[in-house]
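Peer 1: Have a look at the structure that comes next, please.
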Amino acid sequence: ATVSVLYCTLTMMLTTITLFVTTALGIDQKHINGDSWVSEPAKVKKKPTIPLWADLPSRERGPPPYVPPKDWVYNTTGGPVEGKINVHLVPHTHDDTGWQVTVDQYFYTEVYYVIDTVITRLFDDPNRKFMYVEVGFFARWWDQQPEKKKDMARTVVKNGQLEFVNGGWCMHDEASPYYVEMIDQTTRGHQFLKKNFGIDAMPKGTWQIDPFGHSNTNAWLIGAESGMNYQFWGRMDYQDFAMRANHSGLEWIWQGSQSLGKSAQIFAGQLYGHGRGGYSTWFNFNNNGPQVQDDPSRHDYNVDDVVDQFVQNARQQSASYKTDHQIWACGSDFNYQNAEHWYHNLDKIIHYINKNGSVNAFYSTPTFYVEQKKKANVSWEVRQDDIFPLADDAHHYWSGYFTSRPSLKRQVHVASNFLNAARQMEVIEKVNTSQINNPTVRPSPPVGPSWTDSLEGSIGVATHHDGMSGTERQDVSDDYELRISESHGEVEEGVALTFKKMLQMNNNTKLYHCNCNSMGADDCLNITMCGATTQTSHFTVAAWNPLGRSSTQWFHIPVTGSNWKVSNENPTAIMSQITEIDNRTLSLPLLYLNSFNMTAEQIAQKKEMMSNKATHTLSFEAHLPPLGYQLFNATRIESTPKPTHSVEGMISNLKGGGKFNVSSSLYDVEFDDSVGTTSRIYNKQTKRSTPLSIQIGWYNSSVGGCTHDPAVSVENSCDKQKSGAYIFRSNTSKVFYPGEDQTPTLKVVEGPLFTEVYQRFSEWATIMYRIYNQSESVEVEWTVGPIPIDTPWIPRVTKGPNNWGKEVIIRYSTGLASSGTFYTDSNGREMVKRRYNQRGPSYPKLVVNEPVAGNYYPVNAMISINETKDEFAVLTDVSQGGASLADGQIELMVHRRLQADDSRGVREPLNETMCGCNDINAAPGAMGAHGHEGDGGCVCEGLTMRGKHILLFGDIDKVRTNRRQFLEELNFPATLAFTNASFIPSPTAPAQKTFLSAAFPPQIKLLTLTNNYADINDGKLLLRVAHLYSVGEGPMSVPVDVNFSEIFHKSGLVITSMEETQLTAFQSQTKTDEQKFDWKTHDPTGGKVLQQLREHQPFEKRFAFNAQTFTVTVRPMEVRTFLVTVQ
């Protein structure tokens, strides 16, 4: 009996110890299935280096090695000790602002309790620390607190116990957003902190622990130019990690900007996690699992084991980092909901580790940790390369999310442009919130009083790394879209009131926007629908140009009838072109139909109601003044013959086998009807040409198994990894035709202003080429979807249907000898050089076992290839994945529809429909035919996407100059409003007006002008400008003088004072520059990185702002921010 009891007791003790080391690991929720960042050895308990007191027979034990303090008060004081390994214990939580559930669901079920209990526990002990990131959550908590609790929060912030890191509205993605969205959401969070805590809360660094790759722009712009000193993350390429971990190389100095050089350096580091990265550490005390037990009168006494494991892990980690300081991220997803669980155990660990004395441990923050790195006075590796694409194993490339949920990506970007235009208009005409009759029903927690505030917050929360990245569940994506759409409605009313005030219109005049925010497809210019312009014989277009320079843009407006006249303030009509709407476009609104439980008669009635009532598109070229508006009047003409100022395009019937040219002022584009696509592009200026073939195709998404490709060795070709929302993995490098194999058909519509060529691959894959007579670009409007689930045109490989996931691409094949080199932009900023099957010089030589997915990169704005003299560039209006897999080729993945989940936590396939539902045949709580939990009720077509690519070909410098200007028109077009009311211009309300006294230089972008933070900044407006060009982009890549007193010198917008700040307007730029640290650096690659850094000469010294003359010289790529007063 004694033996049995002893055996049972020992078994229970061993089970407890094992549970402590395994259950308490704190595995990141995002990778429950297949977390390759958690090393296998770290999941197994290390062999104790000492006899464990609880394991010894009771007669041999002697006194316990550690006993609690008599008063049970643990010593949590302490700090760095020279000569010892110093372990910085950094308590933190990672709170997704939407992922498996929505942002509000996460808040009221989990995050509220994290913040609430942490504040209390910090207040209990001044030695405790905590760092927090997601201000969008903190603002929700703050709004619900009594003043007493707010005072507690102010106290722990002032004491340095609660440190905000990042400090943005969320932890944004780094692959999908444009730099504008990244700046806006970070500024919003920082202004909330400034408003409620002052300078004590200014973030000193970034904590991008969960995004799935890291961009140069985030490091140098959002990091260094915001005045932040460091950036930490939890993921990097597994091969790069392995090399660096073995050479004390997991931290370095990131010099991410080619243009700003050393002036935008930042300390960067990969967290150690469990041994192969991640954003937790080897223990976790979040719930009621194993704890640190130091009471020797209890059977589960384990504090000696905890201390021993701690010391072993600290010594192991020290081999991967320079200096005797290391950071342990104590927490994980939504941890600290009962903060006492964590703090009570950490208090014990600090107390007993320091009693032991082998290593030193204390509460810390990332900022304090980096301060110790500065004091070490050592030289650090310098690096420019970004961390894309991320891979956690041989076949696990996180490059699918570059394209996932393309409609949400597009909505965020379009809404961002609309937001910035509305901010400008609000500043100029001073329409205030009290005048808005359509406030957002569920607004974002407010930061400022503007009617743009809620839209700003809705966009901000959607830039989350499980938001516009496309890696959230379907209902969460729907929630992001709903929030943006609701807030968009409020801002639309504000814009309408502003236009009315500018134009002195009657308040009862109705203005419409056609911004795709109504139900279904109503009023959506992207698919040629607008009720205000369709069933009418007259309408007026008010166009607001948000750019700080004049702009020429084409408007394409749906109308009924083929005889129209367009005019402005001049009596002479504007030349326009009428085009009959094609059948593909007319079919798009009907795709929104959810026919579940509808009869055939009901379906017919619904389709009639949803159908597009327009018959034609009215197109004309608009010349818009800088930061101003222009009015255009459109009138249907009933007379015959047709007026000469409006000419209808004529359809040309092609005969098979023929070639034909479509010409513009710069290009001849040759089409070949025998192959159904383009065949050559000729530049008239350079007199050089290149073959050009444009195809739509798709890769077959892997559902696990082997990658069939000659470049992949058979022994390394197989893996269970599936293609999903995060991961892109194709079965093969073969690109399949989008439907049954056939020659695409071509149809030409010729007009006096432009020619359109319609290319049809299948009913779900089409392109329309638009070549303007007087343009230096080729416009490619693509439409993809509904992507079929089944693949009946391919012989079946199983008994059931061929339900193959499809990764749809557009491939541009040229004759340029690009030698495996191509370039992609970084969040719309600098271009980054890429090499097929390689990374930059700071990486080890990589083995790429996925030759397609392993060469994909995020493309936010453009991708290009070049030869000796010529460049071919493709500009895009939405973030997509892109690659160059062969010489002369560029491909962009424009859409995805998958049939499997990739086991990264979403737990549903990426299978979107036009109705926002995908749960057909799903019982409540169970998976449906389309892989979504729900109650059934979804009979809807797959998501269909339409977008634009702009093609440029020619002299390298010329293309690089033009591409930045074309990007401005493509991604920041005019904001439009329509009315059927008549408008008569007057001297005080002219048909055209600019609110600038001079245009900005062509290299300079007016990035932000808002009064939303005026209450926080003594009534001052936030004004921000950016240089569009980087070094090495041709003759425009030079510093530019900007004289604000000359530009802003019109009544109502005369600048009277200016103060320069860092990027987010938290503190002065002077103070920020004083706080910059000069890191010692070296190149361990034998000069390869230095050669990369010196490829172009950077401008490393900031030009001082002259506060007397309001002038500044802006360096290439630089963003300058000011607080200004105007009258």
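Labels for the structure tokens follow display order: chains A, B, ..., residues from 1 in each chain, ligands from 1.
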DSSP on the backbone, then: every residue of range 822-984 of chain A marked alpha helix (DSSP H), written as a PyMOL selection string.

Peer 2: chain A and resi 956-971

Peer 1: Emit the selected residues as a CSV table (one decimal), in the first residue's frame, including all heavy atoms.

Peer 2:
chain,number,residue,atom,x,y,z
A,956,ILE,N,13.6,54.2,-69.1
A,956,ILE,CA,13.6,53.9,-67.6
A,956,ILE,C,13.2,55.2,-66.8
A,956,ILE,O,12.3,55.2,-66.0
A,956,ILE,CB,14.9,53.3,-67.1
A,956,ILE,CG1,15.0,51.8,-67.7
A,956,ILE,CG2,14.9,53.2,-65.6
A,956,ILE,CD1,16.3,51.1,-67.3
A,957,ASP,N,14.0,56.3,-67.0
A,957,ASP,CA,13.8,57.5,-66.3
A,957,ASP,C,12.4,58.1,-66.6
A,957,ASP,O,11.7,58.6,-65.7
A,957,ASP,CB,14.8,58.5,-66.6
A,957,ASP,CG,16.1,58.3,-65.8
A,957,ASP,OD1,16.1,57.4,-64.9
A,957,ASP,OD2,17.1,58.9,-66.1
A,958,LYS,N,11.9,58.0,-67.8
A,958,LYS,CA,10.6,58.5,-68.2
A,958,LYS,C,9.5,57.7,-67.5
A,958,LYS,O,8.6,58.3,-67.0
A,958,LYS,CB,10.5,58.5,-69.7
A,958,LYS,CG,9.2,59.0,-70.2
A,958,LYS,CD,9.1,60.5,-70.1
A,958,LYS,CE,7.8,61.0,-70.8
A,958,LYS,NZ,7.7,62.5,-70.6
A,959,VAL,N,9.6,56.4,-67.5
A,959,VAL,CA,8.6,55.6,-66.9
A,959,VAL,C,8.6,55.8,-65.4
A,959,VAL,O,7.5,56.0,-64.8
A,959,VAL,CB,8.8,54.1,-67.2
A,959,VAL,CG1,8.0,53.2,-66.3
A,959,VAL,CG2,8.6,53.8,-68.7
A,960,ARG,N,9.7,56.0,-64.8
A,960,ARG,CA,9.8,56.2,-63.3
A,960,ARG,C,9.3,57.5,-63.0
A,960,ARG,O,8.7,57.7,-61.9
A,960,ARG,CB,11.2,55.9,-62.8
A,960,ARG,CG,11.6,54.5,-62.9
A,960,ARG,CD,13.0,54.2,-62.4
A,960,ARG,NE,13.3,52.8,-62.6
A,960,ARG,CZ,14.5,52.2,-62.2
A,960,ARG,NH1,15.5,53.0,-61.7
A,960,ARG,NH2,14.6,50.9,-62.4
A,961,THR,N,9.4,58.5,-63.8
A,961,THR,CA,8.8,59.8,-63.6
A,961,THR,C,7.3,59.8,-63.7
A,961,THR,O,6.6,60.2,-62.8
A,961,THR,CB,9.4,60.9,-64.5
A,961,THR,OG1,10.8,61.0,-64.3
A,961,THR,CG2,8.7,62.2,-64.3
A,962,ASN,N,6.8,59.1,-64.7
A,962,ASN,CA,5.4,59.1,-65.0
A,962,ASN,C,4.6,58.2,-64.0
A,962,ASN,O,3.5,58.5,-63.7
A,962,ASN,CB,5.2,58.6,-66.4
A,962,ASN,CG,5.5,59.7,-67.5
A,962,ASN,OD1,5.7,60.8,-67.1
A,962,ASN,ND2,5.5,59.3,-68.7
A,963,ARG,N,5.2,57.1,-63.6
A,963,ARG,CA,4.5,56.2,-62.8
A,963,ARG,C,4.0,56.8,-61.5
A,963,ARG,O,2.9,56.5,-61.1
A,963,ARG,CB,5.3,54.9,-62.6
A,963,ARG,CG,6.5,55.0,-61.7
A,963,ARG,CD,7.4,53.8,-61.7
A,963,ARG,NE,8.5,53.9,-60.7
A,963,ARG,CZ,9.4,53.0,-60.6
A,963,ARG,NH1,9.5,52.0,-61.4
A,963,ARG,NH2,10.4,53.2,-59.7
A,964,ARG,N,4.8,57.6,-60.9
A,964,ARG,CA,4.3,58.3,-59.6
A,964,ARG,C,3.1,59.2,-59.9
A,964,ARG,O,2.2,59.3,-59.1
A,964,ARG,CB,5.5,59.0,-59.0
A,964,ARG,CG,6.6,58.1,-58.5
A,964,ARG,CD,6.2,57.4,-57.3
A,964,ARG,NE,7.4,56.6,-56.8
A,964,ARG,CZ,7.3,55.8,-55.7
A,964,ARG,NH1,6.2,55.7,-55.0
A,964,ARG,NH2,8.3,55.1,-55.3
A,965,GLN,N,3.1,59.9,-61.0
A,965,GLN,CA,2.1,60.8,-61.3
A,965,GLN,C,0.8,60.0,-61.7
A,965,GLN,O,-0.3,60.4,-61.2
A,965,GLN,CB,2.5,61.7,-62.5
A,965,GLN,CG,3.7,62.6,-62.2
A,965,GLN,CD,3.6,63.5,-61.0
A,965,GLN,OE1,2.5,64.1,-60.8
A,965,GLN,NE2,4.7,63.6,-60.2
A,966,PHE,N,0.9,59.0,-62.4
A,966,PHE,CA,-0.3,58.2,-62.8
A,966,PHE,C,-0.8,57.5,-61.5
A,966,PHE,O,-2.1,57.3,-61.4
A,966,PHE,CB,0.1,57.1,-63.8
A,966,PHE,CG,0.1,57.6,-65.2
A,966,PHE,CD1,1.3,57.7,-65.9
A,966,PHE,CD2,-1.1,57.9,-65.8
A,966,PHE,CE1,1.2,58.2,-67.2
A,966,PHE,CE2,-1.1,58.4,-67.1
A,966,PHE,CZ,0.0,58.5,-67.8
A,967,LEU,N,0.0,57.1,-60.6
A,967,LEU,CA,-0.5,56.5,-59.3
A,967,LEU,C,-1.3,57.5,-58.5
A,967,LEU,O,-2.3,57.0,-57.9
A,967,LEU,CB,0.7,56.0,-58.5
A,967,LEU,CG,1.3,54.7,-58.8
A,967,LEU,CD1,2.6,54.4,-58.0
A,967,LEU,CD2,0.3,53.6,-58.5
A,968,GLU,N,-1.0,58.7,-58.6
A,968,GLU,CA,-1.8,59.7,-57.8
A,968,GLU,C,-3.2,59.8,-58.4
A,968,GLU,O,-4.2,59.8,-57.7
A,968,GLU,CB,-1.1,61.1,-57.9
A,968,GLU,CG,0.1,61.2,-57.1
A,968,GLU,CD,-0.2,61.1,-55.6
A,968,GLU,OE1,-0.7,62.0,-55.0
A,968,GLU,OE2,0.1,60.0,-55.0
A,969,GLU,N,-3.3,59.8,-59.7
A,969,GLU,CA,-4.7,59.8,-60.3
A,969,GLU,C,-5.4,58.5,-60.1
A,969,GLU,O,-6.6,58.5,-59.9
A,969,GLU,CB,-4.6,60.1,-61.8
A,969,GLU,CG,-4.8,61.6,-62.2
A,969,GLU,CD,-3.5,62.4,-62.2
A,969,GLU,OE1,-2.4,61.7,-62.3
A,969,GLU,OE2,-3.5,63.6,-62.0
A,970,LEU,N,-4.7,57.4,-60.1
A,970,LEU,CA,-5.3,56.1,-60.0
A,970,LEU,C,-5.8,55.8,-58.6
A,970,LEU,O,-6.9,55.4,-58.4
A,970,LEU,CB,-4.3,55.0,-60.4
A,970,LEU,CG,-4.8,53.5,-60.3
A,970,LEU,CD1,-5.9,53.3,-61.2
A,970,LEU,CD2,-3.6,52.6,-60.5
A,971,ASN,N,-5.0,56.2,-57.6
A,971,ASN,CA,-5.3,55.8,-56.2
A,971,ASN,C,-5.9,57.0,-55.4
A,971,ASN,O,-6.4,56.8,-54.3
A,971,ASN,CB,-4.1,55.3,-55.5
A,971,ASN,CG,-3.7,53.9,-56.0
A,971,ASN,OD1,-4.6,53.0,-55.9
A,971,ASN,ND2,-2.5,53.7,-56.4

Peer 1: Can you pull out every residue within 7 Å of range 719-730 of chain A, counting only C-alpha atoms, but drop anything in the same chain fewer than 2 positions away, and send it as a ChimeraX atom specification?

Peer 2: /A:395-401,404,470-471,699-706,717,732-733,853,898,900-902,909-910

Peer 1: Which one of A:Thr755, A:Asn1017, A:Asn75, A:Gln889 sits closest to Phe1066 in chain A if you count only C-alpha atoms?

Peer 2: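 Answer, going by the shortest atom-to-atom distance: A:Asn1017.
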
Peer 1: Counting only C-alpha atoms, which residues in range 1036-1084 of chain A sit no more than 12 Å from range 540-552 of chain A? For each one, give the nearest pair of atoms and the distance in Å, sorted by chain then residue number, as JSON lines.

Peer 2:
{"residue": "A:Val1042", "atom": "CA", "partner": "A:Gly548", "partner_atom": "CA", "distance": 11.8}
{"residue": "A:Phe1044", "atom": "CA", "partner": "A:Gly548", "partner_atom": "CA", "distance": 11.7}
{"residue": "A:Ile1047", "atom": "CA", "partner": "A:Gly548", "partner_atom": "CA", "distance": 9.3}
{"residue": "A:Phe1048", "atom": "CA", "partner": "A:Gly548", "partner_atom": "CA", "distance": 10.8}

Peer 1: Name the residues of range 672-752 of chain A that fall into strand (DSSP E) according to DSSP on the backbone, using the chain letters and numbers of this document, as a PyMOL selection string.

Peer 2: chain A and resi 672+677-683+688-700+703-706+718-722+745-750

Peer 1: Neighbouring residues of His488 in chain A were defined as those with any atom within 8 Å, considering only C-alpha atoms; residues of the same chain fewer than 5 positions away were excluded. Please report them as a VMD selection string.

Peer 2: chain A and resid 415 455 517

Peer 1: Store the residues of this selection in a file with N, CA, C and O atoms, as a CSV table (one decimal), in the first residue's frame.

Peer 2:
chain,number,residue,atom,x,y,z
A,415,ALA,N,-12.1,54.2,-49.3
A,415,ALA,CA,-12.6,55.0,-48.2
A,415,ALA,C,-11.5,55.9,-47.6
A,415,ALA,O,-11.8,57.0,-47.2
A,455,LEU,N,-15.4,57.6,-39.4
A,455,LEU,CA,-14.9,56.9,-40.6
A,455,LEU,C,-13.4,56.7,-40.4
A,455,LEU,O,-12.8,55.6,-40.8
A,517,ASN,N,-22.0,52.3,-51.4
A,517,ASN,CA,-22.3,52.1,-50.0
A,517,ASN,C,-23.8,51.8,-49.7
A,517,ASN,O,-24.2,51.7,-48.6

Peer 1: When distances are computed from only C-alpha atoms, which of A:His1082, A:Arg188, A:Lys948, A:His88 shows the smallest separation from Val447 in chain A?

Peer 2: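 Result for the nearest residue to Val447 in chain A: A:Arg188.
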
Peer 1: Got a sec: who's within 10 Å of Phe620 in chain A, counting only C-alpha atoms, leaving out chain neighbours fewer than 6 positions off, as a PDB file with all heavy atoms, in the first residue's frame?

Peer 2:
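The new file around.pdb reads:
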ATOM      1  N   GLN A 553      -8.231  63.887 -65.238  1.00  0.00           N
ATOM      2  CA  GLN A 553      -8.801  62.570 -64.971  1.00  0.00           C
ATOM      3  C   GLN A 553      -9.959  62.315 -65.929  1.00  0.00           C
ATOM      4  O   GLN A 553     -10.630  63.254 -66.373  1.00  0.00           O
ATOM      5  CB  GLN A 553      -9.291  62.472 -63.519  1.00  0.00           C
ATOM      6  CG  GLN A 553      -8.203  62.724 -62.488  1.00  0.00           C
ATOM      7  CD  GLN A 553      -8.715  62.655 -61.071  1.00  0.00           C
ATOM      8  OE1 GLN A 553      -9.711  61.991 -60.780  1.00  0.00           O
ATOM      9  NE2 GLN A 553      -8.036  63.345 -60.166  1.00  0.00           N
ATOM     10  N   TRP A 554     -10.207  61.049 -66.201  1.00  0.00           N
ATOM     11  CA  TRP A 554     -11.334  60.645 -67.031  1.00  0.00           C
ATOM     12  C   TRP A 554     -12.489  60.219 -66.146  1.00  0.00           C
ATOM     13  O   TRP A 554     -12.314  59.456 -65.199  1.00  0.00           O
ATOM     14  CB  TRP A 554     -10.922  59.506 -67.964  1.00  0.00           C
ATOM     15  CG  TRP A 554     -10.225  59.995 -69.190  1.00  0.00           C
ATOM     16  CD1 TRP A 554      -8.888  60.213 -69.344  1.00  0.00           C
ATOM     17  CD2 TRP A 554     -10.836  60.350 -70.431  1.00  0.00           C
ATOM     18  NE1 TRP A 554      -8.617  60.689 -70.600  1.00  0.00           N
ATOM     19  CE2 TRP A 554      -9.804  60.777 -71.302  1.00  0.00           C
ATOM     20  CE3 TRP A 554     -12.151  60.349 -70.897  1.00  0.00           C
ATOM     21  CZ2 TRP A 554     -10.046  61.185 -72.605  1.00  0.00           C
ATOM     22  CZ3 TRP A 554     -12.386  60.757 -72.201  1.00  0.00           C
ATOM     23  CH2 TRP A 554     -11.357  61.180 -73.040  1.00  0.00           C
ATOM     24  N   PHE A 555     -13.682  60.720 -66.467  1.00  0.00           N
ATOM     25  CA  PHE A 555     -14.898  60.311 -65.775  1.00  0.00           C
ATOM     26  C   PHE A 555     -15.724  59.437 -66.726  1.00  0.00           C
ATOM     27  O   PHE A 555     -15.897  59.781 -67.905  1.00  0.00           O
ATOM     28  CB  PHE A 555     -15.731  61.530 -65.354  1.00  0.00           C
ATOM     29  CG  PHE A 555     -15.062  62.417 -64.337  1.00  0.00           C
ATOM     30  CD1 PHE A 555     -15.501  63.715 -64.135  1.00  0.00           C
ATOM     31  CD2 PHE A 555     -13.993  61.965 -63.571  1.00  0.00           C
ATOM     32  CE1 PHE A 555     -14.897  64.536 -63.199  1.00  0.00           C
ATOM     33  CE2 PHE A 555     -13.374  62.773 -62.636  1.00  0.00           C
ATOM     34  CZ  PHE A 555     -13.823  64.077 -62.454  1.00  0.00           C
ATOM     35  N   HIS A 556     -16.222  58.341 -66.198  1.00  0.00           N
ATOM     36  CA  HIS A 556     -17.056  57.408 -66.955  1.00  0.00           C
ATOM     37  C   HIS A 556     -18.356  57.236 -66.173  1.00  0.00           C
ATOM     38  O   HIS A 556     -18.377  56.583 -65.128  1.00  0.00           O
ATOM     39  CB  HIS A 556     -16.343  56.078 -67.145  1.00  0.00           C
ATOM     40  CG  HIS A 556     -15.006  56.203 -67.829  1.00  0.00           C
ATOM     41  ND1 HIS A 556     -14.874  56.364 -69.188  1.00  0.00           N
ATOM     42  CD2 HIS A 556     -13.741  56.222 -67.322  1.00  0.00           C
ATOM     43  CE1 HIS A 556     -13.594  56.463 -69.497  1.00  0.00           C
ATOM     44  NE2 HIS A 556     -12.883  56.384 -68.384  1.00  0.00           N
ATOM     45  N   ILE A 557     -19.436  57.805 -66.696  1.00  0.00           N
ATOM     46  CA  ILE A 557     -20.678  57.941 -65.923  1.00  0.00           C
ATOM     47  C   ILE A 557     -21.815  57.224 -66.650  1.00  0.00           C
ATOM     48  O   ILE A 557     -22.022  57.443 -67.858  1.00  0.00           O
ATOM     49  CB  ILE A 557     -21.020  59.432 -65.734  1.00  0.00           C
ATOM     50  CG1 ILE A 557     -19.865  60.131 -64.997  1.00  0.00           C
ATOM     51  CG2 ILE A 557     -22.319  59.597 -64.958  1.00  0.00           C
ATOM     52  CD1 ILE A 557     -19.995  61.633 -64.939  1.00  0.00           C
ATOM     53  N   VAL A 566     -21.785  67.594 -72.763  1.00  0.00           N
ATOM     54  CA  VAL A 566     -21.115  67.918 -71.499  1.00  0.00           C
ATOM     55  C   VAL A 566     -20.514  69.316 -71.628  1.00  0.00           C
ATOM     56  O   VAL A 566     -19.881  69.649 -72.634  1.00  0.00           O
ATOM     57  CB  VAL A 566     -20.008  66.903 -71.166  1.00  0.00           C
ATOM     58  CG1 VAL A 566     -19.327  67.266 -69.850  1.00  0.00           C
ATOM     59  CG2 VAL A 566     -20.572  65.490 -71.091  1.00  0.00           C
ATOM     60  N   ILE A 574     -17.647  70.339 -73.948  1.00  0.00           N
ATOM     61  CA  ILE A 574     -16.487  69.469 -73.752  1.00  0.00           C
ATOM     62  C   ILE A 574     -16.680  68.226 -74.605  1.00  0.00           C
ATOM     63  O   ILE A 574     -17.746  67.619 -74.616  1.00  0.00           O
ATOM     64  CB  ILE A 574     -16.349  69.087 -72.271  1.00  0.00           C
ATOM     65  CG1 ILE A 574     -16.113  70.337 -71.425  1.00  0.00           C
ATOM     66  CG2 ILE A 574     -15.246  68.070 -72.072  1.00  0.00           C
ATOM     67  CD1 ILE A 574     -16.158  70.055 -69.937  1.00  0.00           C
ATOM     68  N   MET A 575     -15.649  67.850 -75.320  1.00  0.00           N
ATOM     69  CA  MET A 575     -15.735  66.655 -76.147  1.00  0.00           C
ATOM     70  C   MET A 575     -15.953  65.436 -75.265  1.00  0.00           C
ATOM     71  O   MET A 575     -15.292  65.261 -74.243  1.00  0.00           O
ATOM     72  CB  MET A 575     -14.452  66.497 -76.963  1.00  0.00           C
ATOM     73  CG  MET A 575     -14.564  65.498 -78.093  1.00  0.00           C
ATOM     74  SD  MET A 575     -15.684  66.070 -79.373  1.00  0.00           S
ATOM     75  CE  MET A 575     -15.589  64.697 -80.527  1.00  0.00           C
ATOM     76  N   SER A 576     -16.899  64.595 -75.641  1.00  0.00           N
ATOM     77  CA  SER A 576     -17.193  63.404 -74.854  1.00  0.00           C
ATOM     78  C   SER A 576     -17.412  62.232 -75.785  1.00  0.00           C
ATOM     79  O   SER A 576     -17.538  62.388 -77.000  1.00  0.00           O
ATOM     80  CB  SER A 576     -18.418  63.632 -73.974  1.00  0.00           C
ATOM     81  OG  SER A 576     -19.564  63.913 -74.761  1.00  0.00           O
ATOM     82  N   GLN A 577     -17.459  61.055 -75.189  1.00  0.00           N
ATOM     83  CA  GLN A 577     -17.664  59.838 -75.969  1.00  0.00           C
ATOM     84  C   GLN A 577     -18.706  58.976 -75.286  1.00  0.00           C
ATOM     85  O   GLN A 577     -18.712  58.833 -74.063  1.00  0.00           O
ATOM     86  CB  GLN A 577     -16.343  59.074 -76.125  1.00  0.00           C
ATOM     87  CG  GLN A 577     -16.435  57.814 -76.970  1.00  0.00           C
ATOM     88  CD  GLN A 577     -15.070  57.252 -77.318  1.00  0.00           C
ATOM     89  OE1 GLN A 577     -14.137  58.006 -77.607  1.00  0.00           O
ATOM     90  NE2 GLN A 577     -14.954  55.939 -77.306  1.00  0.00           N
ATOM     91  N   ILE A 578     -19.605  58.414 -76.076  1.00  0.00           N
ATOM     92  CA  ILE A 578     -20.669  57.549 -75.575  1.00  0.00           C
ATOM     93  C   ILE A 578     -20.357  56.109 -75.960  1.00  0.00           C
ATOM     94  O   ILE A 578     -20.032  55.833 -77.127  1.00  0.00           O
ATOM     95  CB  ILE A 578     -22.033  57.955 -76.170  1.00  0.00           C
ATOM     96  CG1 ILE A 578     -22.442  59.324 -75.650  1.00  0.00           C
ATOM     97  CG2 ILE A 578     -23.087  56.922 -75.829  1.00  0.00           C
ATOM     98  CD1 ILE A 578     -22.893  59.320 -74.217  1.00  0.00           C
ATOM     99  N   PHE A 632     -19.393  70.134 -63.881  1.00  0.00           N
ATOM    100  CA  PHE A 632     -19.669  69.730 -65.254  1.00  0.00           C
ATOM    101  C   PHE A 632     -21.175  69.471 -65.374  1.00  0.00           C
ATOM    102  O   PHE A 632     -21.769  68.819 -64.514  1.00  0.00           O
ATOM    103  CB  PHE A 632     -18.898  68.456 -65.619  1.00  0.00           C
ATOM    104  CG  PHE A 632     -17.411  68.596 -65.478  1.00  0.00           C
ATOM    105  CD1 PHE A 632     -16.783  68.250 -64.287  1.00  0.00           C
ATOM    106  CD2 PHE A 632     -16.635  69.069 -66.523  1.00  0.00           C
ATOM    107  CE1 PHE A 632     -15.409  68.380 -64.146  1.00  0.00           C
ATOM    108  CE2 PHE A 632     -15.262  69.198 -66.387  1.00  0.00           C
ATOM    109  CZ  PHE A 632     -14.647  68.861 -65.199  1.00  0.00           C
ATOM    110  N   SER A 646     -20.390  64.855 -78.988  1.00  0.00           N
ATOM    111  CA  SER A 646     -20.564  63.601 -78.263  1.00  0.00           C
ATOM    112  C   SER A 646     -20.720  62.492 -79.285  1.00  0.00           C
ATOM    113  O   SER A 646     -21.725  62.423 -79.985  1.00  0.00           O
ATOM    114  CB  SER A 646     -21.789  63.669 -77.345  1.00  0.00           C
ATOM    115  OG  SER A 646     -21.944  62.458 -76.666  1.00  0.00           O
ATOM    116  N   LEU A 753     -12.098  59.664 -78.899  1.00  0.00           N
ATOM    117  CA  LEU A 753     -11.256  60.008 -77.750  1.00  0.00           C
ATOM    118  C   LEU A 753     -10.447  58.822 -77.239  1.00  0.00           C
ATOM    119  O   LEU A 753      -9.352  58.993 -76.713  1.00  0.00           O
ATOM    120  CB  LEU A 753     -12.114  60.563 -76.616  1.00  0.00           C
ATOM    121  CG  LEU A 753     -12.993  61.759 -76.969  1.00  0.00           C
ATOM    122  CD1 LEU A 753     -13.788  62.212 -75.759  1.00  0.00           C
ATOM    123  CD2 LEU A 753     -12.145  62.904 -77.510  1.00  0.00           C
TER     124      LEU A 753
END

Peer 1: Name the residues in contact with range 912-915 of chain A at a cut-off of 12 Å, using only C-alpha atoms, excluding same-chain residues fewer than 5 positions from it; report them as a ChimeraX atom specification.

Peer 2: /A:404-408,470,472-475,477-478,519-521,588-596,725,785-789,895-899,920,930-932,937-945

Peer 1: Using only C-alpha atoms for the distances, tell me which of A:Pro841, A:Gly828, A:Gly277, A:Pro691 is nearest to Met182 in chain A.

Peer 2: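 Among A:Pro841, A:Gly828, A:Gly277, A:Pro691, it is A:Gly828 that comes nearest to Met182 in chain A.
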